[in-house]
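Next up, query_17.cif (mmCIF, C-alpha atoms and all ligand atoms):
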data_my_file
loop_
_atom_site.label_atom_id
_atom_site.label_comp_id
_atom_site.auth_asym_id
_atom_site.auth_seq_id
_atom_site.Cartn_x
_atom_site.Cartn_y
_atom_site.Cartn_z
CA MET G 175 -56.67 64.38 -90.08
CA ILE G 176 -55.15 61.01 -91.10
CA GLU G 177 -53.13 60.62 -94.28
CA MET G 178 -51.06 57.70 -95.55
CA TYR G 179 -48.86 57.83 -98.63
CA ASP G 180 -47.52 54.61 -100.13
CA VAL G 181 -47.30 52.88 -96.76
CA TRP G 182 -45.74 49.42 -96.54
CA LYS G 183 -45.24 47.22 -93.50
CA THR G 184 -43.20 44.05 -93.50
CA TYR G 185 -42.71 42.42 -90.09
CA PRO G 186 -39.25 41.09 -89.17
CA ASN G 187 -40.44 37.52 -89.90
CA GLY G 188 -41.14 38.54 -93.51
CA ALA G 189 -44.94 38.85 -93.22
CA GLU G 190 -46.06 41.59 -95.61
CA ALA G 191 -48.93 43.10 -93.62
CA LEU G 192 -49.45 46.26 -95.71
CA ARG G 193 -48.48 46.82 -99.32
CA GLY G 194 -48.80 50.34 -100.68
CA ILE G 195 -51.59 51.98 -98.67
CA ASN G 196 -52.82 55.43 -99.73
CA VAL G 197 -55.68 56.92 -97.78
CA LYS G 198 -57.06 60.19 -96.47
CA ILE G 199 -59.51 60.44 -93.57
CA GLU G 200 -60.98 63.88 -92.87
CA LYS G 201 -61.70 65.41 -89.49
CA GLY G 202 -65.08 64.29 -88.17
CA GLU G 203 -65.39 61.18 -90.35
CA PHE G 204 -66.54 57.78 -89.10
CA VAL G 205 -64.69 54.98 -90.88
CA TYR G 206 -65.05 51.21 -90.63
CA VAL G 207 -62.05 49.11 -91.61
CA VAL G 208 -63.10 45.64 -92.73
CA GLY G 209 -61.46 42.62 -94.34
CA PRO G 210 -60.64 38.96 -93.78
CA SER G 211 -58.57 37.79 -90.84
CA GLY G 212 -54.90 38.55 -91.39
CA ALA G 213 -55.64 41.16 -94.08
CA GLY G 214 -53.72 43.92 -92.28
CA LYS G 215 -56.44 45.84 -90.40
CA SER G 216 -54.72 45.82 -86.99
CA THR G 217 -51.42 46.77 -88.58
CA PHE G 218 -53.13 49.68 -90.37
CA ILE G 219 -54.43 50.88 -87.01
CA LYS G 220 -51.18 50.28 -85.10
CA LEU G 221 -49.28 52.47 -87.56
CA MET G 222 -51.58 55.41 -86.72
CA TYR G 223 -50.57 55.55 -83.07
CA ARG G 224 -46.96 54.46 -83.62
CA GLU G 225 -47.37 51.06 -82.03
CA GLU G 226 -45.61 49.90 -85.20
CA LYS G 227 -43.45 51.83 -87.66
CA PRO G 228 -43.95 51.49 -91.42
CA THR G 229 -41.20 49.86 -93.46
CA LYS G 230 -41.78 52.55 -96.06
CA GLY G 231 -44.11 55.48 -96.64
CA THR G 232 -45.42 58.58 -94.89
CA ILE G 233 -48.17 58.89 -92.27
CA PHE G 234 -49.74 62.04 -90.86
CA VAL G 235 -52.12 62.06 -87.90
CA ASN G 236 -53.38 65.47 -86.89
CA ASN G 237 -50.35 67.12 -88.51
CA PHE G 238 -47.87 64.80 -86.77
CA ASN G 239 -45.56 63.02 -89.18
CA VAL G 240 -46.01 59.74 -87.33
CA GLU G 241 -43.10 57.68 -88.64
CA MET G 242 -40.69 60.57 -88.06
CA VAL G 243 -41.83 61.41 -84.51
CA LYS G 244 -38.95 61.19 -82.03
CA GLU G 245 -39.36 58.75 -79.10
CA LYS G 246 -39.60 61.72 -76.73
CA LYS G 247 -42.59 63.12 -78.64
CA ILE G 248 -44.58 59.86 -78.88
CA PRO G 249 -46.62 60.64 -75.71
CA LEU G 250 -47.60 63.96 -77.30
CA LEU G 251 -48.82 62.12 -80.41
CA ARG G 252 -50.68 59.53 -78.32
CA ARG G 253 -52.53 62.31 -76.51
CA GLN G 254 -54.18 63.26 -79.79
CA ILE G 255 -55.38 59.69 -80.26
CA GLY G 256 -57.67 57.63 -78.06
CA VAL G 257 -57.27 53.88 -78.56
CA VAL G 258 -59.85 51.21 -77.70
CA PHE G 259 -59.14 47.46 -77.90
CA GLN G 260 -61.18 44.26 -78.12
CA ASP G 261 -59.97 43.07 -74.72
CA PHE G 262 -60.45 46.48 -72.98
CA LYS G 263 -56.92 46.48 -71.47
CA LEU G 264 -58.03 47.92 -68.11
CA LEU G 265 -55.72 47.74 -65.11
CA PRO G 266 -57.39 45.04 -62.96
CA LYS G 267 -56.48 46.44 -59.55
CA LEU G 268 -57.70 49.97 -60.28
CA THR G 269 -61.33 51.15 -60.12
CA ALA G 270 -63.18 52.57 -63.11
CA TYR G 271 -62.36 56.06 -61.82
CA GLU G 272 -58.68 55.22 -61.29
CA ASN G 273 -58.33 53.58 -64.71
CA VAL G 274 -59.54 56.78 -66.37
CA ALA G 275 -57.66 59.10 -64.01
CA PHE G 276 -54.43 57.23 -64.73
CA ALA G 277 -54.54 58.40 -68.36
CA LEU G 278 -54.71 62.00 -67.18
CA GLU G 279 -52.30 61.66 -64.27
CA VAL G 280 -49.53 60.58 -66.57
CA ILE G 281 -49.67 64.00 -68.21
CA GLU G 282 -49.62 65.80 -64.86
CA THR G 283 -53.09 67.32 -64.75
CA PRO G 284 -53.79 69.26 -61.52
CA ARG G 285 -55.80 67.14 -59.06
CA LYS G 286 -58.85 69.41 -58.93
CA LYS G 287 -59.29 69.55 -62.69
CA LEU G 288 -58.64 65.84 -62.89
CA LYS G 289 -61.53 64.82 -60.66
CA GLY G 290 -64.11 66.83 -62.56
CA ARG G 291 -62.95 65.64 -65.93
CA VAL G 292 -62.81 61.95 -64.94
CA GLN G 293 -66.34 62.08 -63.49
CA GLU G 294 -67.65 63.96 -66.50
CA VAL G 295 -66.28 61.46 -68.98
CA LEU G 296 -67.50 58.43 -66.98
CA GLU G 297 -70.95 60.02 -66.80
CA MET G 298 -70.86 60.58 -70.52
CA VAL G 299 -70.39 56.85 -71.14
CA GLY G 300 -73.20 56.05 -68.70
CA LEU G 301 -71.10 54.92 -65.73
CA GLY G 302 -71.60 57.82 -63.34
CA ASP G 303 -72.75 55.36 -60.65
CA LYS G 304 -69.86 52.87 -61.07
CA LEU G 305 -66.85 55.05 -60.34
CA ASP G 306 -65.57 52.77 -57.56
CA ALA G 307 -66.13 49.43 -59.28
CA LEU G 308 -63.16 47.25 -60.17
CA PRO G 309 -63.06 45.82 -63.71
CA ASN G 310 -64.05 42.33 -62.50
CA GLN G 311 -67.17 43.83 -60.90
CA LEU G 312 -68.30 45.19 -64.26
CA SER G 313 -69.91 43.51 -67.27
CA GLY G 314 -68.00 43.32 -70.56
CA GLY G 315 -70.00 46.22 -71.97
CA GLU G 316 -69.33 48.31 -68.86
CA GLN G 317 -65.62 47.51 -69.01
CA GLN G 318 -65.56 48.65 -72.61
CA ARG G 319 -67.30 51.88 -71.55
CA VAL G 320 -64.53 52.50 -69.02
CA ALA G 321 -61.98 51.91 -71.77
CA ILE G 322 -63.82 54.38 -74.00
CA ALA G 323 -63.91 56.94 -71.18
CA ARG G 324 -60.16 56.45 -70.74
CA ALA G 325 -59.64 56.97 -74.48
CA LEU G 326 -61.71 60.17 -74.39
CA VAL G 327 -60.39 61.78 -71.26
CA ASN G 328 -57.68 63.80 -72.99
CA ARG G 329 -60.17 65.05 -75.62
CA PRO G 330 -58.38 63.40 -78.53
CA ALA G 331 -59.04 64.50 -82.10
CA VAL G 332 -59.44 60.87 -83.13
CA ILE G 333 -60.57 57.61 -81.56
CA ILE G 334 -59.12 54.44 -83.03
CA ALA G 335 -60.77 51.16 -82.11
CA ASP G 336 -59.58 47.66 -82.99
CA GLU G 337 -62.55 45.25 -82.84
CA PRO G 338 -64.15 47.02 -79.86
CA THR G 339 -67.24 44.78 -79.96
CA GLY G 340 -65.34 41.53 -80.56
CA ASN G 341 -65.91 40.25 -77.00
CA LEU G 342 -69.47 41.53 -76.58
CA ASP G 343 -72.92 40.07 -77.25
CA PRO G 344 -75.03 41.62 -80.05
CA ASP G 345 -77.15 43.92 -77.84
CA THR G 346 -74.14 45.20 -75.92
CA SER G 347 -72.26 45.65 -79.20
CA TRP G 348 -75.02 47.94 -80.42
CA GLU G 349 -74.91 49.98 -77.20
CA ILE G 350 -71.18 50.44 -77.63
CA MET G 351 -71.65 51.34 -81.29
CA TYR G 352 -74.22 54.01 -80.40
CA LEU G 353 -71.73 55.43 -77.94
CA PHE G 354 -69.09 55.72 -80.69
CA ASP G 355 -71.74 57.31 -82.91
CA GLN G 356 -72.50 59.87 -80.20
CA ILE G 357 -68.79 60.60 -79.72
CA ASN G 358 -68.44 61.07 -83.49
CA SER G 359 -71.43 63.41 -83.66
CA ARG G 360 -69.61 65.67 -81.19
CA GLY G 361 -66.83 66.06 -83.74
CA THR G 362 -64.32 63.31 -82.89
CA THR G 363 -63.02 61.33 -85.84
CA VAL G 364 -63.60 57.58 -85.40
CA VAL G 365 -61.67 54.79 -87.15
CA MET G 366 -62.81 51.29 -86.25
CA ALA G 367 -61.63 47.87 -87.44
CA THR G 368 -64.46 45.40 -87.10
CA HIS G 369 -65.82 42.01 -88.10
CA ASN G 370 -69.36 43.04 -87.10
CA LYS G 371 -71.24 42.67 -90.38
CA ASP G 372 -74.63 43.59 -88.96
CA ILE G 373 -73.45 46.88 -87.50
CA VAL G 374 -71.45 47.96 -90.57
CA ASN G 375 -74.38 47.21 -92.87
CA LYS G 376 -76.89 49.12 -90.77
CA MET G 377 -74.76 52.20 -89.96
CA LYS G 378 -74.01 53.06 -93.63
CA ARG G 379 -70.75 54.85 -92.92
CA ARG G 380 -67.53 55.01 -94.90
CA VAL G 381 -66.07 51.52 -95.32
CA ILE G 382 -62.45 50.80 -96.20
CA ALA G 383 -61.84 47.14 -97.06
CA ILE G 384 -58.32 45.73 -96.77
CA GLU G 385 -57.33 42.43 -98.36
CA ASN G 386 -53.82 41.08 -98.53
CA GLY G 387 -52.37 44.34 -97.27
CA GLN G 388 -54.06 46.53 -99.87
CA ILE G 389 -57.16 48.73 -99.91
CA VAL G 390 -59.55 46.98 -102.29
CA ARG G 391 -62.66 49.06 -101.61
CA ASP G 392 -63.39 52.52 -100.18
CA GLU G 393 -67.08 53.46 -100.12
CA ARG G 394 -68.74 56.57 -98.68
CA ARG G 395 -71.83 54.70 -97.44
CA GLY G 396 -70.48 51.21 -97.54
CA VAL G 397 -71.38 47.64 -96.65
CA TYR G 398 -69.45 44.91 -94.88
CA GLY G 399 -69.22 42.78 -98.00
CA TYR G 400 -68.01 39.47 -96.51
CA GLU G 401 -69.87 36.40 -95.31
CA ASP G 402 -68.35 35.97 -91.81
N1 LIG F 1 -46.09 41.34 -84.73
C1 LIG F 1 -46.16 40.63 -85.85
N2 LIG F 1 -45.10 39.91 -86.29
C2 LIG F 1 -45.14 39.22 -87.43
N3 LIG F 1 -46.22 39.15 -88.25
C3 LIG F 1 -47.31 39.85 -87.88
C4 LIG F 1 -47.34 40.61 -86.67
N4 LIG F 1 -48.56 41.19 -86.56
C5 LIG F 1 -49.25 40.80 -87.65
N5 LIG F 1 -48.51 39.99 -88.44
C6 LIG F 1 -48.90 39.42 -89.74
O1 LIG F 1 -49.29 40.49 -90.59
C7 LIG F 1 -50.45 40.16 -91.33
C8 LIG F 1 -51.57 41.14 -91.01
O2 LIG F 1 -51.96 41.00 -89.65
P1 LIG F 1 -53.03 41.95 -88.93
O3 LIG F 1 -53.06 41.59 -87.50
O4 LIG F 1 -52.73 43.35 -89.30
O5 LIG F 1 -54.39 41.47 -89.65
P2 LIG F 1 -55.91 41.75 -89.29
O6 LIG F 1 -56.58 42.10 -90.57
O7 LIG F 1 -56.00 42.72 -88.18
O8 LIG F 1 -56.44 40.34 -88.78
P3 LIG F 1 -57.62 39.96 -87.74
O9 LIG F 1 -58.90 40.34 -88.40
O10 LIG F 1 -57.46 38.47 -87.58
O11 LIG F 1 -57.32 40.73 -86.48
C9 LIG F 1 -50.78 38.71 -90.97
O12 LIG F 1 -50.19 37.89 -91.93
C10 LIG F 1 -50.12 38.52 -89.62
O13 LIG F 1 -49.75 37.20 -89.41
#
Would you put the structure from the file into structure tokens?
Amino acid sequence: MIEMYDVWKTYPNGAEALRGINVKIEKGEFVYVVGPSGAGKSTFIKLMYREEKPTKGTIFVNNFNVEMVKEKKIPLLRRQIGVVFQDFKLLPKLTAYENVAFALEVIETPRKKLKGRVQEVLEMVGLGDKLDALPNQLSGGEQQRVAIARALVNRPAVIIADEPTGNLDPDTSWEIMYLFDQINSRGTTVVMATHNKDIVNKMKRRVIAIENGQIVRDERRGVYGYED
């Protein structure tokens, strides 16, 4: 599903974010990516959906050779990957329904099919009664649910989340985590960078720890392992 071979990333300012990453994530896995601030977690995730290009190395996501993908084919790659962010990144003037529909509209889905799919996915995340709400009429947890629905609407093979609970209180964070767990149990691969020690320790999933741009730990049923 996701493979990286000797992947390096140096930003133009000289920051060495990743230094020789080798990793394999199988279809259907749930993986937490942990590590201190500035360790390279976001960069690791950005390389998967071609937000950044590696300085060196090879990356495969769902059989796409990510660093070789031509600009024209990037939308095709991104359709295989749902991305969820800490700050939700919803369009403020569009309703929950419209935010999700927008992700489908851009790939020219027929209108009739679109409506059913958008409703279905918003119901799945528990927002069937909030289709017409604008982001500022929703709680943080609800906004993140809309963002998750948007990430899911194209039925991606993998969901990648960068600190999805970073702006949420502990109870809401757990609700969001259970939602990711449910999505994963339906077969979608989940890769999540997080600083949420409590959640990582209780879920007992695979944990990849990155420090100083290198993988320093990769455990099948891992723990958070840091004090923050
Ligand atoms: N666009 C950029 N330009 C230059 N340097 C960058 C850029 N993005 C990240 N870096 C640097 O690369 C290194 C890794 O950053 P990254 O954001 O991947 O870490 P992180 O583990 O996600 O941190 P955090 O937990 O704080 O989000 C840091 O030294 C950071 O300053």
| request: Compare G:Leu353, G:Ile384, G:Val364, G:Ile333 by their minimum atom-to-atom distance to Val258 (chain G), counting only C-alpha atoms, and give me the closest one. | output: G:Ile333
| request: Please identify all polymer residues within 7 Å of Ile176 (chain G), counting only C-alpha atoms, omitting same-chain residues fewer than 3 positions from it, and present them as a list in words. | output: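 Neighbouring residues, sequence-local ones excluded: Lys198, Ile199, Glu200, Phe234, Val235 and Asn236 of chain G.
For the atom pair formed by CA of Lys304 (chain G) and CA of Arg324 (chain G), the distance is 14.2 Å, given to one decimal.
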| note | From the list G:Glu245, G:Glu385, G:Asp392, G:Asp336, the nearest residue to Val365 (chain G) using all atoms listed in the file is G:Asp336
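Neighbours of ligand LIG 1 (chain F) at a cut-off of 6 Å, computed so that all atoms listed in the file are counted, are the residues Tyr185, Asn187, Ala189, Ala191, Pro210, Ser211, Gly212, Ala213, Gly214, Lys215, Ser216 and Thr217 of chain G.
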Mind dumping a table of every region 335-395 of chain G residue within 9 Å of region 261-275 of chain G, with the nearest atom pair and its distance in Å to one decimal, using all atoms listed in the file, sorted by chain and rising number, as CSV?
residue,atom,partner,partner_atom,distance
G:Glu337,CA,G:Asp261,CA,8.8
G:Pro338,CA,G:Asp261,CA,7.7
G:Gly340,CA,G:Asp261,CA,8.1
G:Asn341,CA,G:Asp261,CA,7.0
| said: Given all atoms listed in the file as the basis, pick out the residue of G:Met222, G:Pro186, G:Glu316, G:Glu349 nearest to Asp303 (chain G). | reply: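 The shortest atom-to-atom distance to Asp303 (chain G) comes from G:Glu316.
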Once N, CA and C atoms are restored for region 373-402 of chain G, what would the output be as a tab-separated table (two decimals), in the coordinates of the input?
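Result file selection-v9.tsv:
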chain	number	residue	atom	x	y	z
G	373	ILE	N	-73.61	45.47	-87.86
G	373	ILE	CA	-73.45	46.88	-87.50
G	373	ILE	C	-72.98	47.69	-88.71
G	374	VAL	N	-71.98	47.21	-89.41
G	374	VAL	CA	-71.45	47.96	-90.57
G	374	VAL	C	-72.56	48.15	-91.59
G	375	ASN	N	-73.33	47.11	-91.85
G	375	ASN	CA	-74.38	47.21	-92.87
G	375	ASN	C	-75.50	48.17	-92.46
G	376	LYS	N	-75.80	48.23	-91.19
G	376	LYS	CA	-76.89	49.12	-90.77
G	376	LYS	C	-76.45	50.58	-90.62
G	377	MET	N	-75.19	50.82	-90.26
G	377	MET	CA	-74.76	52.20	-89.96
G	377	MET	C	-74.52	53.03	-91.23
G	378	LYS	N	-74.22	52.36	-92.34
G	378	LYS	CA	-74.01	53.06	-93.63
G	378	LYS	C	-73.00	54.22	-93.52
G	379	ARG	N	-71.84	53.88	-93.03
G	379	ARG	CA	-70.75	54.85	-92.92
G	379	ARG	C	-69.68	54.52	-93.97
G	380	ARG	N	-68.63	55.31	-93.98
G	380	ARG	CA	-67.53	55.01	-94.90
G	380	ARG	C	-66.93	53.66	-94.53
G	381	VAL	N	-66.68	52.83	-95.54
G	381	VAL	CA	-66.07	51.52	-95.32
G	381	VAL	C	-64.81	51.40	-96.17
G	382	ILE	N	-63.70	51.11	-95.50
G	382	ILE	CA	-62.45	50.80	-96.20
G	382	ILE	C	-62.20	49.31	-96.03
G	383	ALA	N	-62.10	48.59	-97.14
G	383	ALA	CA	-61.84	47.14	-97.06
G	383	ALA	C	-60.39	46.88	-97.41
G	384	ILE	N	-59.73	46.11	-96.54
G	384	ILE	CA	-58.32	45.73	-96.77
G	384	ILE	C	-58.26	44.23	-97.03
G	385	GLU	N	-57.58	43.85	-98.08
G	385	GLU	CA	-57.33	42.43	-98.36
G	385	GLU	C	-55.87	42.30	-98.73
G	386	ASN	N	-55.20	41.31	-98.15
G	386	ASN	CA	-53.82	41.08	-98.53
G	386	ASN	C	-52.94	42.32	-98.46
G	387	GLY	N	-53.21	43.17	-97.46
G	387	GLY	CA	-52.37	44.34	-97.27
G	387	GLY	C	-52.65	45.50	-98.19
G	388	GLN	N	-53.74	45.42	-98.96
G	388	GLN	CA	-54.06	46.53	-99.87
G	388	GLN	C	-55.51	46.97	-99.69
G	389	ILE	N	-55.77	48.25	-99.95
G	389	ILE	CA	-57.16	48.73	-99.91
G	389	ILE	C	-57.83	48.31	-101.22
G	390	VAL	N	-58.88	47.49	-101.08
G	390	VAL	CA	-59.55	46.98	-102.29
G	390	VAL	C	-60.91	47.64	-102.50
G	391	ARG	N	-61.34	48.43	-101.51
G	391	ARG	CA	-62.66	49.06	-101.61
G	391	ARG	C	-62.68	50.22	-100.63
G	392	ASP	N	-63.26	51.35	-101.06
G	392	ASP	CA	-63.39	52.52	-100.18
G	392	ASP	C	-64.69	53.20	-100.58
G	393	GLU	N	-65.74	53.00	-99.76
G	393	GLU	CA	-67.08	53.46	-100.12
G	393	GLU	C	-67.58	54.47	-99.09
G	394	ARG	N	-68.25	55.50	-99.58
G	394	ARG	CA	-68.74	56.57	-98.68
G	394	ARG	C	-69.84	56.07	-97.74
G	395	ARG	N	-70.80	55.32	-98.28
G	395	ARG	CA	-71.83	54.70	-97.44
G	395	ARG	C	-71.79	53.21	-97.75
G	396	GLY	N	-70.84	52.55	-97.10
G	396	GLY	CA	-70.48	51.21	-97.54
G	396	GLY	C	-71.16	50.07	-96.81
G	397	VAL	N	-70.88	48.87	-97.28
G	397	VAL	CA	-71.38	47.64	-96.65
G	397	VAL	C	-70.20	46.79	-96.23
G	398	TYR	N	-70.50	45.79	-95.39
G	398	TYR	CA	-69.45	44.91	-94.88
G	398	TYR	C	-68.82	44.09	-96.02
G	399	GLY	N	-69.68	43.41	-96.77
G	399	GLY	CA	-69.22	42.78	-98.00
G	399	GLY	C	-68.56	41.42	-97.89
G	400	TYR	N	-68.57	40.82	-96.68
G	400	TYR	CA	-68.01	39.47	-96.51
G	400	TYR	C	-69.05	38.60	-95.83
G	401	GLU	N	-68.85	37.31	-95.86
G	401	GLU	CA	-69.87	36.40	-95.31
G	401	GLU	C	-69.72	36.10	-93.81
G	402	ASP	N	-68.52	36.33	-93.24
G	402	ASP	CA	-68.35	35.97	-91.81
G	402	ASP	C	-69.07	36.91	-90.88
